[in-house]
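Peer 1: Sending over a structure as structure tokens; questions will come in a sec.
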Amino acid sequence: MNYKEIFDKLEGKLEGFAHLDELARQKQDPFKILISTILSARTRDANTKAATETLFAKYNTPKLIAEADIEEVEELIRKSGFYKVKAARIKEVSKIIQINYDGIVPKNYDELMNLPGVGSKTANCVLVYAFKIPAIPVDTHVHKISNRMGWVKTTKPEQTEAALKKLIPKELWIRLNRIFVKFGQQICLPINPKHEICPIEEICPKDFTMEIKKKSKKKKKKGK
Ligand code: SF4
């Protein structure tokens, strides 16, 4: 099975769309996609969606968010968790986009990476979901699943991104995150993956080395 066949097979088995994919399909403003990606850190899709909608119902431009009262922004995005840190961050990012970019989200990786608190995953998400530019955002699902499937043997998301870029044909990059996020939410779950209904079970080595190593590292740290 080649990569395209694997992607097709996985996609055929999945239901619905992950939050960022949904925003992209609705052709939402890149600014909303950027803010939603920042809000998505360490929380579930449903919480990200709720926080994004509540915030954008009241403040929907970089200028409005930059000028909004921080405590009100905190309240509006509370559902996304870590809301104090996230509120400060999105206000800062909004201000820079308003002042330095005239309210328009930049379309390139380096400029996105220069925004405060924006890392590789967020920058790549914006490229893929807001601008349809080929990139590979590596979140926890992409990192885990790529290791489980034996495509990469990496410990850090940045290593996974670099390894996947060498492995996967560029025309497929744009599909990878959207498929793996859904796949990780529905079948290749972080805990107790559903091998029995997995459409690629027969070709998957089920390599959990990275996760086992990570767990034992955590245990050792706790034991110190
Ligand atoms: S067989 Fe299991 S570990 Fe492998 S991709 Fe499917 S669900 Fe994930």
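Starting from 1 in every chain, residues are counted up; chains themselves are A, B, ... following the order of the structure tokens, and ligands are numbered from 1 as listed.
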To check your reading of the model: which residues sit at most 6 Å from ligand 1 when counting only C-alpha atoms and all ligand atoms? Write the answer as a VMD selection string.

Peer 2: chain A and resid 148 to 149 187 to 188 193 to 195 198 200 to 201 204 206

Peer 1: Which residues come within 9 Å of Leu64 of chain A, counting only C-alpha atoms, excluding same-chain residues fewer than 5 positions away, as an NGL selection string?

Peer 2: :A and (58-59 or 94)

Peer 1: Can I get the selected residues back with N, CA and C atoms, as a compact mmCIF listing (two decimals), in the first residue's frame?

Peer 2:
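Once written, again33.txt looks like this:
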```txt
# COMPACT_ATOMS: atom_id res chain seq x y z
N LYS A 58 -17.92 38.31 19.76
CA LYS A 58 -17.78 39.66 20.32
C LYS A 58 -16.66 40.46 19.64
N TYR A 59 -15.50 39.82 19.49
CA TYR A 59 -14.34 40.50 18.89
C TYR A 59 -13.81 39.65 17.75
N SER A 94 -2.48 39.61 18.23
CA SER A 94 -3.42 40.49 17.50
C SER A 94 -2.80 41.87 17.30
```

Peer 1: Could you tell me how far atom CA of Glu71 of chain A lies from atom CA of Cys125 of chain A, in Å and to one decimal?

Peer 2: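 Value for the atom CA of Glu71 of chain A-atom CA of Cys125 of chain A distance: 27.3 Å.
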
Peer 1: Could you list, as a PDB file with C-alpha atoms, in the first residue's frame, every residue within 12 Å of Lys121 of chain A, counting only C-alpha atoms and ignoring same-chain residues fewer than 5 positions away?

Peer 2:
```
ATOM      1  CA  LEU A  34      -4.604  31.400  13.775  1.00  0.00           C
ATOM      2  CA  THR A  37      -4.977  27.180  16.726  1.00  0.00           C
ATOM      3  CA  ILE A  38      -3.485  29.103  19.652  1.00  0.00           C
ATOM      4  CA  SER A  40      -6.360  24.645  20.801  1.00  0.00           C
ATOM      5  CA  ALA A  41      -3.189  24.083  22.841  1.00  0.00           C
ATOM      6  CA  TYR A 109       6.403  30.183   7.999  1.00  0.00           C
ATOM      7  CA  LEU A 112       4.372  33.252  11.609  1.00  0.00           C
ATOM      8  CA  MET A 113       7.131  31.767  13.781  1.00  0.00           C
ATOM      9  CA  VAL A 126      -2.070  28.230   9.655  1.00  0.00           C
ATOM     10  CA  LEU A 127      -0.257  27.425   6.394  1.00  0.00           C
ATOM     11  CA  VAL A 128      -2.343  24.289   5.832  1.00  0.00           C
ATOM     12  CA  TYR A 129      -5.767  25.312   7.111  1.00  0.00           C
ATOM     13  CA  ALA A 135       3.110  21.776   5.411  1.00  0.00           C
ATOM     14  CA  ILE A 136       3.014  19.108   8.120  1.00  0.00           C
ATOM     15  CA  PRO A 137       1.710  20.308  11.486  1.00  0.00           C
ATOM     16  CA  VAL A 138       2.803  17.762  14.067  1.00  0.00           C
ATOM     17  CA  ASP A 139       0.495  17.596  17.050  1.00  0.00           C
ATOM     18  CA  THR A 140       0.279  14.786  19.574  1.00  0.00           C
ATOM     19  CA  HIS A 141      -1.789  12.572  17.219  1.00  0.00           C
ATOM     20  CA  VAL A 142       0.555  12.956  14.244  1.00  0.00           C
ATOM     21  CA  HIS A 143       3.595  12.351  16.442  1.00  0.00           C
ATOM     22  CA  PRO A 157       7.560  16.501  17.280  1.00  0.00           C
ATOM     23  CA  GLU A 158      10.179  18.575  15.388  1.00  0.00           C
ATOM     24  CA  THR A 160       8.759  13.812  13.352  1.00  0.00           C
ATOM     25  CA  GLU A 161       8.042  16.791  11.101  1.00  0.00           C
ATOM     26  CA  ASN A 177      -2.769  16.484   9.783  1.00  0.00           C
TER      27      ASN A 177
END
```

Peer 1: Near Ile145 of chain A, within 10 Å and counting only C-alpha atoms, which residues show up once chain neighbours fewer than 5 positions away are dropped, as an NGL selection string?

Peer 2: :A and (140 or 150-152 or 180-181 or 183-184 or 188-190 or 206-208)

Peer 1: Counting only C-alpha atoms, which of A:Ile77, A:Ala162, A:Lys84, A:Ile65 gets nearest to Ala50 of chain A?

Peer 2: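 Smallest distance to Ala50 of chain A is found for A:Ile77.
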
Peer 1: Write out as a PDB file with N, CA and C atoms, in the first residue's frame the residues lying within 10 Å of Arg42 of chain A, counting only C-alpha atoms and excluding same-chain residues fewer than 3 positions away.

Peer 2:
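Result written to result_20.pdb:
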```
ATOM      1  N   ILE A  38      -4.108  28.756  18.367  1.00  0.00           N
ATOM      2  CA  ILE A  38      -3.485  29.103  19.652  1.00  0.00           C
ATOM      3  C   ILE A  38      -4.375  28.607  20.802  1.00  0.00           C
ATOM      4  N   LEU A  39      -5.680  28.788  20.646  1.00  0.00           N
ATOM      5  CA  LEU A  39      -6.612  28.346  21.696  1.00  0.00           C
ATOM      6  C   LEU A  39      -6.633  26.827  21.850  1.00  0.00           C
ATOM      7  N   ASP A  45     -11.024  19.521  21.042  1.00  0.00           N
ATOM      8  CA  ASP A  45     -11.623  20.253  19.935  1.00  0.00           C
ATOM      9  C   ASP A  45     -12.904  20.994  20.342  1.00  0.00           C
ATOM     10  N   THR A  48     -12.065  24.130  22.178  1.00  0.00           N
ATOM     11  CA  THR A  48     -11.465  25.129  21.276  1.00  0.00           C
ATOM     12  C   THR A  48     -12.578  25.801  20.469  1.00  0.00           C
ATOM     13  N   SER A  80     -11.298  27.186  26.932  1.00  0.00           N
ATOM     14  CA  SER A  80     -10.155  26.549  26.270  1.00  0.00           C
ATOM     15  C   SER A  80      -9.061  26.125  27.262  1.00  0.00           C
ATOM     16  N   GLY A  81      -9.226  26.492  28.541  1.00  0.00           N
ATOM     17  CA  GLY A  81      -8.203  26.155  29.544  1.00  0.00           C
ATOM     18  C   GLY A  81      -6.984  27.073  29.419  1.00  0.00           C
ATOM     19  N   PHE A  82      -6.172  27.128  30.457  1.00  0.00           N
ATOM     20  CA  PHE A  82      -4.976  28.008  30.473  1.00  0.00           C
ATOM     21  C   PHE A  82      -5.342  29.390  29.912  1.00  0.00           C
ATOM     22  N   THR A 140       0.073  16.046  18.856  1.00  0.00           N
ATOM     23  CA  THR A 140       0.279  14.786  19.574  1.00  0.00           C
ATOM     24  C   THR A 140      -0.186  13.567  18.765  1.00  0.00           C
TER      25      THR A 140
END
```

Peer 1: I'd like the contact shell of Leu14 of chain A - 8 Å cut-off, only C-alpha atoms, skipping same-chain residues fewer than 4 positions apart - returned as a list in words.

Peer 2: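 With the cut-off at 8 Å, the set is Leu10, Lys182, Phe183 and Gln186 of chain A.
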
Peer 1: Would you save the residues of that selection, restricted to C-alpha atoms, as a PDB file, in the first residue's frame?

Peer 2:
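Wrote out_3.pdb, looks like this:
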```
ATOM      1  CA  LEU A  10      -8.084   5.999   6.672  1.00  0.00           C
ATOM      2  CA  LYS A 182      -9.487  12.537  13.213  1.00  0.00           C
ATOM      3  CA  PHE A 183      -7.897   9.088  13.135  1.00  0.00           C
ATOM      4  CA  GLN A 186     -11.720   8.029  16.566  1.00  0.00           C
TER       5      GLN A 186
END
```

Peer 1: Compile the contact shell of segment 99-103 of chain A as a list in words: residues with an atom at most 12 Å away, counting only C-alpha atoms, same-chain residues fewer than 2 positions apart removed.

Peer 2: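 Final neighbour list, sorted by chain and number: Asp29, Pro30, Phe31, Lys32, Asn60, Thr61, Pro62, Lys63, Leu64, Ile65, Ala66, Glu67, Glu92, Val93, Ser94, Lys95, Ile96, Ile97, Val105, Pro106, Lys107, Glu111, Leu112, Asn114 and Leu115 of chain A.
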
Peer 1: Would you mind exporting the chosen residues as a tab-separated table (two decimals), in the first residue's frame, restricted to N, CA and C atoms?

Peer 2:
```tsv
chain	number	residue	atom	x	y	z
A	29	ASP	N	-11.76	33.23	7.95
A	29	ASP	CA	-10.65	34.17	7.94
A	29	ASP	C	-9.38	33.53	8.55
A	30	PRO	N	-8.19	33.70	7.88
A	30	PRO	CA	-6.95	33.17	8.44
A	30	PRO	C	-6.69	33.62	9.88
A	31	PHE	N	-7.15	34.82	10.22
A	31	PHE	CA	-6.95	35.31	11.59
A	31	PHE	C	-7.71	34.43	12.59
A	32	LYS	N	-8.92	34.05	12.22
A	32	LYS	CA	-9.71	33.18	13.12
A	32	LYS	C	-9.02	31.81	13.25
A	60	ASN	N	-13.90	40.17	16.52
A	60	ASN	CA	-13.53	39.29	15.40
A	60	ASN	C	-12.44	39.84	14.48
A	61	THR	N	-11.70	40.85	14.95
A	61	THR	CA	-10.59	41.36	14.13
A	61	THR	C	-9.37	41.54	15.03
A	62	PRO	N	-8.17	41.61	14.43
A	62	PRO	CA	-6.97	41.84	15.26
A	62	PRO	C	-7.09	43.13	16.06
A	63	LYS	N	-7.64	44.16	15.44
A	63	LYS	CA	-7.74	45.46	16.12
A	63	LYS	C	-8.64	45.35	17.35
A	64	LEU	N	-9.80	44.71	17.16
A	64	LEU	CA	-10.75	44.59	18.28
A	64	LEU	C	-10.18	43.77	19.43
A	65	ILE	N	-9.50	42.67	19.08
A	65	ILE	CA	-8.93	41.84	20.16
A	65	ILE	C	-7.77	42.57	20.83
A	66	ALA	N	-6.95	43.24	20.04
A	66	ALA	CA	-5.81	43.98	20.61
A	66	ALA	C	-6.30	45.04	21.60
A	67	GLU	N	-7.44	45.65	21.31
A	67	GLU	CA	-7.93	46.74	22.17
A	67	GLU	C	-8.86	46.26	23.28
A	92	GLU	N	-1.48	39.85	22.36
A	92	GLU	CA	-0.16	40.26	21.85
A	92	GLU	C	-0.04	39.98	20.35
A	93	VAL	N	-0.46	38.78	19.96
A	93	VAL	CA	-0.40	38.39	18.55
A	93	VAL	C	-1.29	39.33	17.72
A	94	SER	N	-2.48	39.61	18.23
A	94	SER	CA	-3.42	40.49	17.50
A	94	SER	C	-2.80	41.87	17.30
A	95	LYS	N	-2.15	42.36	18.34
A	95	LYS	CA	-1.54	43.69	18.28
A	95	LYS	C	-0.45	43.72	17.19
A	96	ILE	N	0.38	42.70	17.18
A	96	ILE	CA	1.47	42.66	16.18
A	96	ILE	C	0.89	42.55	14.77
A	97	ILE	N	-0.14	41.72	14.61
A	97	ILE	CA	-0.73	41.58	13.27
A	97	ILE	C	-1.36	42.90	12.84
A	105	VAL	N	-2.95	38.34	8.37
A	105	VAL	CA	-2.06	37.27	8.86
A	105	VAL	C	-1.02	36.94	7.77
A	106	PRO	N	0.27	36.93	8.13
A	106	PRO	CA	1.28	36.62	7.11
A	106	PRO	C	1.17	35.17	6.64
A	107	LYS	N	1.53	34.98	5.37
A	107	LYS	CA	1.38	33.67	4.74
A	107	LYS	C	2.66	32.88	4.77
A	111	GLU	N	7.64	34.32	9.21
A	111	GLU	CA	6.93	35.44	9.84
A	111	GLU	C	5.94	34.93	10.90
A	112	LEU	N	5.30	33.81	10.62
A	112	LEU	CA	4.37	33.25	11.61
A	112	LEU	C	5.14	32.83	12.86
A	114	ASN	N	7.70	34.11	14.05
A	114	ASN	CA	8.15	35.28	14.81
A	114	ASN	C	7.09	35.83	15.74
A	115	LEU	N	5.85	35.38	15.57
A	115	LEU	CA	4.78	35.87	16.45
A	115	LEU	C	4.97	35.23	17.84
```

Peer 1: For Lys213 of chain A, which residue among A:Pro134, A:Thr154, A:Ile174, A:Glu75 is the nearest when counting only C-alpha atoms?

Peer 2: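 Going through A:Pro134, A:Thr154, A:Ile174, A:Glu75 one by one, the smallest distance to Lys213 of chain A is for A:Thr154.
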
Peer 1: Measure the distance from atom CA of Asn147 of chain A to atom CA of Pro205 of chain A in Å and round it to one decimal.

Peer 2: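 Result for atom CA of Asn147 of chain A versus atom CA of Pro205 of chain A: 9.6 Å, one decimal.
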
Peer 1: Mind checking DSSP for segment 31-219 of chain A and telling me the alpha helix (DSSP H) residues as a VMD selection string?

Peer 2: chain A and resid 31 to 39 45 to 58 62 to 67 70 to 76 83 to 101 109 to 113 120 to 125 131 140 to 148 157 to 167 170 to 186 209 to 219

Peer 1: Please produce a file of the residues just selected, as a CSV table (one decimal), in the first residue's frame, where the atoms kept are C-alpha atoms.

Peer 2:
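Result written to out-v2.csv:
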```csv
chain,number,residue,atom,x,y,z
A,31,PHE,CA,-7.0,35.3,11.6
A,32,LYS,CA,-9.7,33.2,13.1
A,33,ILE,CA,-7.8,30.0,12.2
A,34,LEU,CA,-4.6,31.4,13.8
A,35,ILE,CA,-6.4,32.4,17.0
A,36,SER,CA,-8.2,29.1,17.1
A,37,THR,CA,-5.0,27.2,16.7
A,38,ILE,CA,-3.5,29.1,19.7
A,39,LEU,CA,-6.6,28.3,21.7
A,45,ASP,CA,-11.6,20.3,19.9
A,46,ALA,CA,-15.0,20.9,21.5
A,47,ASN,CA,-13.5,23.4,24.0
A,48,THR,CA,-11.5,25.1,21.3
A,49,LYS,CA,-14.6,25.5,19.1
A,50,ALA,CA,-16.7,26.9,22.0
A,51,ALA,CA,-13.9,29.4,23.0
A,52,THR,CA,-13.3,30.5,19.4
A,53,GLU,CA,-17.0,31.1,18.7
A,54,THR,CA,-17.6,33.0,22.0
A,55,LEU,CA,-14.6,35.2,21.4
A,56,PHE,CA,-15.4,35.9,17.7
A,57,ALA,CA,-19.0,36.6,18.4
A,58,LYS,CA,-17.8,39.7,20.3
A,62,PRO,CA,-7.0,41.8,15.3
A,63,LYS,CA,-7.7,45.5,16.1
A,64,LEU,CA,-10.8,44.6,18.3
A,65,ILE,CA,-8.9,41.8,20.2
A,66,ALA,CA,-5.8,44.0,20.6
A,67,GLU,CA,-7.9,46.7,22.2
A,70,ILE,CA,-7.8,41.4,28.9
A,71,GLU,CA,-10.1,40.2,31.7
A,72,GLU,CA,-13.1,40.1,29.3
A,73,VAL,CA,-11.0,38.1,26.8
A,74,GLU,CA,-10.0,35.7,29.5
A,75,GLU,CA,-13.7,35.2,30.3
A,76,LEU,CA,-14.7,34.7,26.7
A,83,TYR,CA,-7.1,31.0,29.6
A,84,LYS,CA,-5.0,33.6,31.3
A,85,VAL,CA,-1.8,32.7,29.3
A,86,LYS,CA,-3.8,32.3,26.1
A,87,ALA,CA,-5.6,35.6,26.5
A,88,ALA,CA,-2.3,37.5,27.0
A,89,ARG,CA,-0.9,35.6,24.0
A,90,ILE,CA,-3.8,36.3,21.6
A,91,LYS,CA,-3.9,39.9,22.5
A,92,GLU,CA,-0.2,40.3,21.9
A,93,VAL,CA,-0.4,38.4,18.6
A,94,SER,CA,-3.4,40.5,17.5
A,95,LYS,CA,-1.5,43.7,18.3
A,96,ILE,CA,1.5,42.7,16.2
A,97,ILE,CA,-0.7,41.6,13.3
A,98,GLN,CA,-2.6,44.9,13.5
A,99,ILE,CA,0.5,47.1,13.7
A,100,ASN,CA,3.1,45.2,11.7
A,101,TYR,CA,0.9,43.5,9.1
A,109,TYR,CA,6.4,30.2,8.0
A,110,ASP,CA,9.2,32.5,9.3
A,111,GLU,CA,6.9,35.4,9.8
A,112,LEU,CA,4.4,33.3,11.6
A,113,MET,CA,7.1,31.8,13.8
A,120,SER,CA,6.1,25.1,14.5
A,121,LYS,CA,2.8,23.3,14.9
A,122,THR,CA,0.7,26.5,15.0
A,123,ALA,CA,2.6,28.1,12.0
A,124,ASN,CA,2.2,24.9,10.0
A,125,CYS,CA,-1.5,24.7,10.9
A,131,PHE,CA,-3.8,29.2,3.1
A,140,THR,CA,0.3,14.8,19.6
A,141,HIS,CA,-1.8,12.6,17.2
A,142,VAL,CA,0.6,13.0,14.2
A,143,HIS,CA,3.6,12.4,16.4
A,144,LYS,CA,2.2,9.2,18.1
A,145,ILE,CA,0.6,7.6,15.1
A,146,SER,CA,3.6,8.1,12.8
A,147,ASN,CA,5.7,6.3,15.4
A,148,ARG,CA,3.1,3.6,16.0
A,157,PRO,CA,7.6,16.5,17.3
A,158,GLU,CA,10.2,18.6,15.4
A,159,GLN,CA,12.0,15.4,14.5
A,160,THR,CA,8.8,13.8,13.4
A,161,GLU,CA,8.0,16.8,11.1
A,162,ALA,CA,11.5,16.6,9.5
A,163,ALA,CA,11.3,12.8,9.1
A,164,LEU,CA,7.8,12.9,7.6
A,165,LYS,CA,8.8,15.6,5.1
A,166,LYS,CA,11.4,13.2,3.8
A,167,LEU,CA,9.0,10.3,3.6
A,170,LYS,CA,4.6,16.7,-0.9
A,171,GLU,CA,1.2,16.6,-2.6
A,172,LEU,CA,0.0,14.6,0.4
A,173,TRP,CA,1.3,16.9,3.1
A,174,ILE,CA,-1.8,19.0,3.2
A,175,ARG,CA,-4.0,15.9,4.0
A,176,LEU,CA,-1.8,14.4,6.7
A,177,ASN,CA,-2.8,16.5,9.8
A,178,ARG,CA,-6.5,16.5,9.1
A,179,ILE,CA,-6.6,12.7,8.6
A,180,PHE,CA,-4.3,11.9,11.5
A,181,VAL,CA,-6.1,14.2,14.0
A,182,LYS,CA,-9.5,12.5,13.2
A,183,PHE,CA,-7.9,9.1,13.1
A,184,GLY,CA,-6.3,9.8,16.6
A,185,GLN,CA,-9.7,11.0,17.9
A,186,GLN,CA,-11.7,8.0,16.6
A,209,THR,CA,8.6,2.2,21.7
A,210,MET,CA,8.4,6.0,21.8
A,211,GLU,CA,5.4,6.1,24.2
A,212,ILE,CA,7.0,3.4,26.5
A,213,LYS,CA,10.2,5.4,26.7
A,214,LYS,CA,8.4,8.6,27.4
A,215,LYS,CA,6.4,6.9,30.2
A,216,SER,CA,9.5,5.5,31.9
A,217,LYS,CA,11.2,8.8,31.6
A,218,LYS,CA,8.3,10.4,33.4
A,219,LYS,CA,8.3,7.7,36.1
```

Peer 1: Would you work out the distance separating atom CA of Gly12 of chain A from atom CA of Lys153 of chain A, expressed in Å to one decimal?

Peer 2: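 Atom CA of Lys153 of chain A lies at a distance of 26.6 Å from atom CA of Gly12 of chain A.
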